[in-house]
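Asks: Pasting upload00.txt below, which is compact mmCIF, C-alpha atoms.
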```txt
# COMPACT_ATOMS: atom_id res chain seq x y z
CA MET U 1 81.04 54.90 124.52
CA ASP U 2 80.04 56.44 127.86
CA PHE U 3 78.11 59.51 126.73
CA ASN U 4 77.23 60.53 130.29
CA ASN U 5 80.82 60.65 131.45
CA ASN U 6 82.00 62.52 128.36
CA PHE U 7 79.32 65.16 128.64
CA GLY U 8 80.14 65.70 132.30
CA GLN U 9 83.70 66.43 131.23
CA PHE U 10 82.46 69.14 128.88
CA THR U 11 80.05 70.92 131.21
CA GLY U 12 82.02 70.45 134.40
CA GLN U 13 78.79 70.27 136.36
CA GLU U 14 76.30 67.72 137.60
CA VAL U 15 73.00 67.68 135.77
CA THR U 16 69.95 66.06 137.33
CA ASN U 17 66.27 65.66 136.54
CA GLU U 18 65.07 66.72 139.98
CA GLY U 19 62.54 69.50 140.22
CA TYR U 20 61.15 69.06 136.73
CA GLY U 21 58.57 66.36 137.37
CA VAL U 22 56.16 66.19 134.45
CA ALA U 23 56.48 69.86 133.54
CA PHE U 24 57.78 68.88 130.10
CA GLU U 25 55.75 66.42 128.11
CA ASN U 26 58.70 65.34 125.96
CA PRO U 27 61.90 67.06 127.17
CA PHE U 28 64.22 64.70 125.30
CA VAL U 29 62.98 65.74 121.88
CA LYS U 30 62.95 69.41 122.86
CA ASN U 31 66.54 69.46 124.10
CA GLU U 32 67.83 67.16 121.39
CA SER U 33 66.42 69.52 118.79
CA THR U 34 67.92 72.52 120.57
CA ILE U 35 71.47 71.15 120.70
CA LEU U 36 71.33 69.69 117.19
CA SER U 37 69.97 72.91 115.71
CA ARG U 38 72.56 75.04 117.54
CA SER U 39 75.37 72.73 116.43
CA PHE U 40 74.32 72.88 112.78
CA THR U 41 73.74 76.62 113.00
CA TRP U 42 77.24 77.24 114.31
CA MET U 43 78.68 74.87 111.71
CA ALA U 44 76.91 76.85 108.97
CA ILE U 45 78.22 80.11 110.44
CA GLY U 46 81.75 78.67 110.45
CA LEU U 47 81.48 77.55 106.82
CA GLY U 48 80.15 80.96 105.81
CA ILE U 49 83.01 82.74 107.58
CA SER U 50 85.55 80.40 105.95
CA ALA U 51 84.06 80.97 102.49
CA ILE U 52 84.27 84.75 102.87
CA SER U 53 87.80 84.52 104.30
CA ALA U 54 88.91 82.29 101.42
CA LEU U 55 87.55 84.67 98.78
CA LEU U 56 89.05 87.73 100.46
CA GLY U 57 92.35 85.95 100.93
CA TYR U 58 92.50 84.91 97.28
CA ASN U 59 91.56 88.35 95.94
CA TYR U 60 93.63 90.56 98.25
CA PHE U 61 96.17 88.69 100.38
CA LEU U 62 97.33 85.67 98.40
CA GLN U 63 101.06 86.48 98.43
CA THR U 64 101.01 87.24 102.14
CA ILE U 65 99.12 84.03 102.84
CA ALA U 66 101.69 82.00 100.87
CA SER U 67 104.50 83.35 103.02
CA LEU U 68 102.59 82.66 106.25
CA TYR U 69 101.08 79.30 105.33
CA ILE U 70 102.96 77.22 107.93
CA PRO U 71 102.27 79.66 110.82
CA LEU U 72 98.58 79.68 109.85
CA ILE U 73 98.46 75.88 109.96
CA ILE U 74 100.07 75.95 113.41
CA ILE U 75 97.48 78.49 114.61
CA GLU U 76 94.71 76.21 113.33
CA LEU U 77 96.17 73.27 115.23
CA ILE U 78 96.47 75.30 118.43
CA LEU U 79 92.84 76.45 118.22
CA VAL U 80 91.55 72.92 117.63
CA LEU U 81 93.60 71.54 120.51
CA ALA U 82 92.50 74.38 122.77
CA MET U 83 88.84 73.62 122.10
CA SER U 84 89.31 69.86 122.29
CA PHE U 85 91.12 69.79 125.62
CA GLY U 86 90.09 73.09 127.21
CA ILE U 87 86.37 73.19 126.48
CA LYS U 88 85.52 72.23 130.07
CA LYS U 89 87.16 75.39 131.46
CA MET U 90 86.08 77.73 128.67
CA SER U 91 83.11 80.03 128.88
CA ASP U 92 80.65 79.84 126.03
CA THR U 93 81.93 83.23 124.80
CA VAL U 94 85.55 82.04 124.64
CA ALA U 95 84.45 78.86 122.86
CA LYS U 96 82.63 80.95 120.23
CA ILE U 97 85.64 83.22 119.75
CA CYS U 98 87.94 80.22 119.26
CA PHE U 99 85.56 78.66 116.76
CA ILE U 100 85.16 81.88 114.78
CA ALA U 101 88.92 82.44 114.81
CA TYR U 102 89.49 78.91 113.54
CA SER U 103 86.92 79.43 110.77
CA VAL U 104 88.68 82.62 109.66
CA VAL U 105 92.18 81.11 109.69
CA ASN U 106 91.07 77.92 107.95
CA GLY U 107 89.25 79.94 105.32
CA VAL U 108 92.41 81.95 104.68
CA THR U 109 94.50 78.80 104.25
CA LEU U 110 91.88 77.44 101.82
CA SER U 111 92.43 80.43 99.54
CA SER U 112 94.97 78.38 97.61
CA ILE U 113 92.29 76.12 96.13
CA PHE U 114 91.18 79.05 93.93
CA VAL U 115 94.67 79.11 92.47
CA VAL U 116 94.56 75.43 91.51
CA TYR U 117 90.92 74.79 90.61
CA THR U 118 88.30 76.72 88.63
CA SER U 119 85.64 78.54 90.61
CA ALA U 120 82.85 76.60 88.90
CA SER U 121 84.29 73.23 89.93
CA ILE U 122 84.83 74.46 93.52
CA TYR U 123 81.20 75.58 93.80
CA SER U 124 79.82 72.39 92.25
CA THR U 125 81.98 70.27 94.59
CA PHE U 126 80.68 72.28 97.54
CA PHE U 127 77.07 71.48 96.65
CA VAL U 128 77.84 67.79 96.16
CA THR U 129 79.59 67.81 99.53
CA ALA U 130 76.53 69.43 101.12
CA ALA U 131 74.30 66.69 99.68
CA MET U 132 76.55 63.87 100.90
CA PHE U 133 77.05 65.48 104.29
CA GLY U 134 73.30 66.04 104.66
CA ALA U 135 72.49 62.42 103.82
CA ALA U 136 75.02 61.12 106.35
CA ALA U 137 73.82 63.56 109.02
CA PHE U 138 70.20 62.54 108.40
CA TYR U 139 71.13 58.88 108.83
CA GLY U 140 72.90 59.63 112.10
CA LYS U 141 69.83 61.52 113.31
CA VAL U 142 67.11 59.00 112.46
CA THR U 143 68.85 55.62 112.76
CA ASN U 144 67.85 53.29 115.57
CA LYS U 145 71.10 51.36 115.26
CA ASP U 146 73.80 51.69 117.89
CA LEU U 147 76.68 53.52 116.19
CA SER U 148 78.85 53.72 119.32
CA SER U 149 81.31 51.16 117.97
CA TRP U 150 81.92 53.28 114.88
CA GLY U 151 84.02 55.76 116.85
CA THR U 152 87.02 53.51 117.47
CA PHE U 153 86.91 52.01 113.97
CA LEU U 154 86.75 55.41 112.27
CA LEU U 155 89.48 56.84 114.49
CA MET U 156 91.79 53.98 113.55
CA GLY U 157 91.00 54.59 109.89
CA LEU U 158 91.71 58.29 110.29
CA VAL U 159 95.08 57.63 111.93
CA GLY U 160 95.98 55.25 109.10
CA LEU U 161 94.93 57.87 106.58
CA ILE U 162 97.15 60.50 108.19
CA ILE U 163 100.14 58.14 108.23
CA ALA U 164 99.59 57.21 104.57
CA GLY U 165 99.34 60.90 103.68
CA ILE U 166 102.64 61.68 105.41
CA VAL U 167 104.35 58.78 103.66
CA ASN U 168 103.02 59.92 100.30
CA ILE U 169 104.53 63.37 100.80
CA PHE U 170 107.94 61.74 100.39
CA ILE U 171 107.17 59.15 97.72
CA GLY U 172 104.66 61.17 95.68
CA ASN U 173 102.67 58.18 94.42
CA SER U 174 99.60 59.35 92.46
CA MET U 175 97.79 56.02 92.87
CA LEU U 176 98.28 56.13 96.64
CA GLU U 177 96.98 59.70 96.66
CA PHE U 178 93.88 58.51 94.78
CA PHE U 179 93.14 55.81 97.34
CA ILE U 180 93.84 58.16 100.26
CA SER U 181 91.24 60.59 98.91
CA LEU U 182 88.72 57.84 98.21
CA ILE U 183 89.07 56.21 101.62
CA GLY U 184 89.07 59.66 103.23
CA ILE U 185 85.64 60.42 101.75
CA VAL U 186 84.26 57.18 103.19
CA ILE U 187 85.80 57.81 106.62
CA PHE U 188 84.52 61.37 106.95
CA ILE U 189 81.04 60.45 105.73
CA GLY U 190 81.05 57.80 108.44
CA LEU U 191 82.30 60.34 110.98
CA THR U 192 79.48 62.70 110.01
CA ALA U 193 76.83 60.07 110.76
CA TYR U 194 78.64 59.08 113.97
CA ASP U 195 79.04 62.66 115.19
CA VAL U 196 75.35 63.46 114.66
CA TYR U 197 74.44 60.23 116.45
CA LYS U 198 76.76 61.25 119.29
CA ILE U 199 75.17 64.69 119.56
CA LYS U 200 71.71 63.11 119.70
CA ASN U 201 72.75 60.79 122.50
CA TYR U 202 74.40 63.54 124.54
CA ALA U 203 71.21 65.55 124.31
CA ASN U 204 69.03 62.60 125.29
CA ASP U 205 71.22 61.64 128.23
CA TYR U 206 71.22 65.21 129.56
CA PRO U 207 67.82 66.74 128.72
CA TYR U 208 68.14 69.47 131.37
CA ILE U 209 71.21 71.51 130.54
CA GLN U 210 71.84 75.11 131.51
CA ASP U 211 71.68 77.39 128.50
CA ASN U 212 75.33 78.50 128.60
CA SER U 213 76.51 74.89 128.88
CA ALA U 214 74.26 73.88 125.98
CA GLU U 215 75.67 76.74 123.92
CA LYS U 216 79.26 75.77 124.70
CA ILE U 217 78.81 72.10 123.89
CA SER U 218 76.94 73.03 120.70
CA VAL U 219 79.93 75.09 119.53
CA PHE U 220 82.25 72.17 120.25
CA PHE U 221 80.03 69.79 118.29
CA ALA U 222 79.85 72.38 115.51
CA LEU U 223 83.65 72.21 115.21
CA GLN U 224 83.49 68.45 114.73
CA LEU U 225 80.77 68.76 112.06
CA TYR U 226 82.69 71.58 110.39
CA LEU U 227 85.83 69.44 110.17
CA ASP U 228 83.82 66.54 108.73
CA PHE U 229 82.35 68.80 106.04
CA ILE U 230 85.65 70.45 105.10
CA ASN U 231 87.47 67.14 104.82
CA ILE U 232 84.77 65.62 102.60
CA PHE U 233 84.92 68.74 100.45
CA LEU U 234 88.71 68.68 100.05
CA LYS U 235 88.78 64.95 99.28
CA LEU U 236 85.98 65.29 96.71
CA LEU U 237 87.74 68.25 95.13
CA ARG U 238 90.57 65.94 94.09
CA PHE U 239 88.06 64.02 91.98
CA MET U 240 85.65 66.73 90.85
CA GLY U 241 87.90 69.78 90.76
CA LYS U 242 88.80 71.03 87.30
CA ARG U 243 92.34 72.38 87.34
CA LYS U 244 93.17 75.69 85.74
CA ASN U 245 95.37 75.64 82.66
```
Starting from the coordinates I provided, produce the structure as structure tokens.
Replies:
Amino acid sequence: MDFNNNFGQFTGQEVTNEGYGVAFENPFVKNESTILSRSFTWMAIGLGISAISALLGYNYFLQTIASLYIPLIIIELILVLAMSFGIKKMSDTVAKICFIAYSVVNGVTLSSIFVVYTSASIYSTFFVTAAMFGAAAFYGKVTNKDLSSWGTFLLMGLVGLIIAGIVNIFIGNSMLEFFISLIGIVIFIGLTAYDVYKIKNYANDYPYIQDNSAEKISVFFALQLYLDFINIFLKLLRFMGKRKN
């Protein structure tokens, strides 16, 4: 994967090393840490917002949410597409607003899990998800292996997973649903490691990034990490979630 070309598409500007000389003893580590920490910080903010939105939605707006479920899903899709394809033209402020809005809407749509599963099993699944996500992210951060080839393989797996999920909506096969969830966990754990690896390489390839550009790209990366976490959580919930009577 050409990290340099992709990052240029995000920032929309040329970044060079001229004028810095030896002013920074180890600029790669400094900037890598900055972008990684900002990405994880924004991901954590998004998860917190979604958790609060889900609890408020369940306690106060559940009937309204049920009637607006499809429009909410469409809004989520629009926000993700807007950030995915419009990040180059967005300001860092607009990118943050889109990410926060997505976190709120997604949290609201997740309110339904409190109807199906007990609160205790939801919380325990969340902590297991955090442990699995953290292990995969740590691997992506510290590995010396080239994970570039993972992107295409995982994308193909994700497309296959989506197709299988759509098919199963019509046939309702419980065994197929089991395997979809199991394979989904593996795919999104792999995507977590790959996405962290990708963030690290972007930061290393462009150690001198203007602060607003770094903030914008960090929010975009945070969205990817957020989606990885949420999908692992939802897939695990099918195995660990205790349904209400």
Asks: Can you work out the spacing between atom CA of Ile185 of chain U and atom CA of Asn144 of chain U in Å, to one decimal?
Replies: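 For atom CA of Ile185 of chain U relative to atom CA of Asn144 of chain U, the distance reads 23.6 Å.
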Asks: If you measure from atom CA of Phe40 of chain U to atom CA of Asn106 of chain U, what distance in Å do you get, rounded to one decimal?
Replies: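 Going from atom CA of Phe40 of chain U over to atom CA of Asn106 of chain U covers 18.1 Å.
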Asks: What is the atom CA of Thr125 of chain U to atom CA of Ile217 of chain U distance in Å?
Replies: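 Taking atom CA of Thr125 of chain U and atom CA of Ile217 of chain U, their separation equals 29.5 Å.
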Asks: Go through U:Leu227, U:Ser148, U:Leu182, U:Lys96 and flag the residue nearest Tyr202 of chain U, using all atoms listed in the file for the distances.
Replies: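 Of U:Leu227, U:Ser148, U:Leu182, U:Lys96, the one nearest Tyr202 of chain U is U:Ser148, counting all atoms listed in the file.
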Asks: Using only C-alpha atoms, find the one residue out of U:Phe133, U:Pro71, U:Met175, U:Arg243 that sits nearest to Asp228 of chain U.
Replies: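 Closest to Asp228 of chain U of all the choices is U:Phe133.
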Asks: Rank U:Ala82, U:Ala120, U:Val186, U:Val219 by their smallest atom-to-atom distance to Leu154 of chain U, using all atoms listed in the file, and report the top residue only.
Replies: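 Ranked by minimum distance to Leu154 of chain U, first place goes to U:Val186.
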Asks: Got a sec to check which residues sit within 7 Å of (98.2, 77.3, 106.1), counting only C-alpha atoms, and write them as JSON, numbers by chain?
Replies: {"U": [68, 69, 70, 71, 72, 73, 109]}
Asks: Closest to Arg238 of chain U among U:Glu177, U:Asp146, U:Asp92, U:Glu76, using only C-alpha atoms?
Replies: U:Glu177
Asks: Just want the 12 Å neighbourhood of Gly165 of chain U, counted on only C-alpha atoms, with same-chain residues fewer than 2 positions away dropped. Output as a list in words.
Replies: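 Near neighbours after the sequence-gap exclusion: Leu158, Val159, Gly160, Leu161, Ile162, Ile163, Val167, Asn168, Ile169, Phe170, Ile171, Gly172, Asn173, Ser174, Met175, Leu176, Glu177, Phe178, Phe179, Ile180, Ser181, Ile183 and Gly184 of chain U.
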Asks: For Leu237 of chain U, please output as a ChimeraX atom specification all residues within 12 Å (counting only C-alpha atoms; exclusion window: fewer than 2 positions along the same chain).
Replies: /U:113-114,116-129,178,181-182,184-185,230-235,239-243
Asks: Only C-alpha atoms, please: the residues just picked out, written as an mmCIF file, in the frame of the given file.
Replies:
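And here is the file that came out, part25.cif:
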```
data_model
loop_
_atom_site.group_PDB
_atom_site.id
_atom_site.type_symbol
_atom_site.label_atom_id
_atom_site.label_comp_id
_atom_site.auth_asym_id
_atom_site.auth_seq_id
_atom_site.Cartn_x
_atom_site.Cartn_y
_atom_site.Cartn_z
ATOM 1 C CA ILE U 113 92.290 76.120 96.130
ATOM 2 C CA PHE U 114 91.180 79.050 93.930
ATOM 3 C CA VAL U 116 94.560 75.430 91.510
ATOM 4 C CA TYR U 117 90.920 74.790 90.610
ATOM 5 C CA THR U 118 88.300 76.720 88.630
ATOM 6 C CA SER U 119 85.640 78.540 90.610
ATOM 7 C CA ALA U 120 82.850 76.600 88.900
ATOM 8 C CA SER U 121 84.290 73.230 89.930
ATOM 9 C CA ILE U 122 84.830 74.460 93.520
ATOM 10 C CA TYR U 123 81.200 75.580 93.800
ATOM 11 C CA SER U 124 79.820 72.390 92.250
ATOM 12 C CA THR U 125 81.980 70.270 94.590
ATOM 13 C CA PHE U 126 80.680 72.280 97.540
ATOM 14 C CA PHE U 127 77.070 71.480 96.650
ATOM 15 C CA VAL U 128 77.840 67.790 96.160
ATOM 16 C CA THR U 129 79.590 67.810 99.530
ATOM 17 C CA PHE U 178 93.880 58.510 94.780
ATOM 18 C CA SER U 181 91.240 60.590 98.910
ATOM 19 C CA LEU U 182 88.720 57.840 98.210
ATOM 20 C CA GLY U 184 89.070 59.660 103.230
ATOM 21 C CA ILE U 185 85.640 60.420 101.750
ATOM 22 C CA ILE U 230 85.650 70.450 105.100
ATOM 23 C CA ASN U 231 87.470 67.140 104.820
ATOM 24 C CA ILE U 232 84.770 65.620 102.600
ATOM 25 C CA PHE U 233 84.920 68.740 100.450
ATOM 26 C CA LEU U 234 88.710 68.680 100.050
ATOM 27 C CA LYS U 235 88.780 64.950 99.280
ATOM 28 C CA PHE U 239 88.060 64.020 91.980
ATOM 29 C CA MET U 240 85.650 66.730 90.850
ATOM 30 C CA GLY U 241 87.900 69.780 90.760
ATOM 31 C CA LYS U 242 88.800 71.030 87.300
ATOM 32 C CA ARG U 243 92.340 72.380 87.340
#
```
Asks: Which is closer to Met43 of chain U than all the others in U:Ile100, U:Ile189, U:Val142, U:Val108, using all atoms listed in the file?
Replies: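 For Met43 of chain U, the nearest of the candidates is U:Ile100.
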Asks: Rank nothing, just name the residue among U:Ser39, U:Tyr58, U:Lys200, U:Lys216 nearest to Gly107 of chain U, using all atoms listed in the file.
Replies: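 Between U:Ser39, U:Tyr58, U:Lys200, U:Lys216, the residue approaching Gly107 of chain U most closely is U:Tyr58.
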Asks: At a cut-off of 10 Å, using only C-alpha atoms, what residues contact Lys145 of chain U? Leave out same-chain residues fewer than 4 positions from it and give the result as a ChimeraX atom specification.
Replies: /U:139-140,197
Asks: Around the point (84.4, 76.4, 125.5) (coordinates from the file), which residues reach within 10 Å if we count all atoms listed in the file? Answer as a count of residues only.
Replies: 28
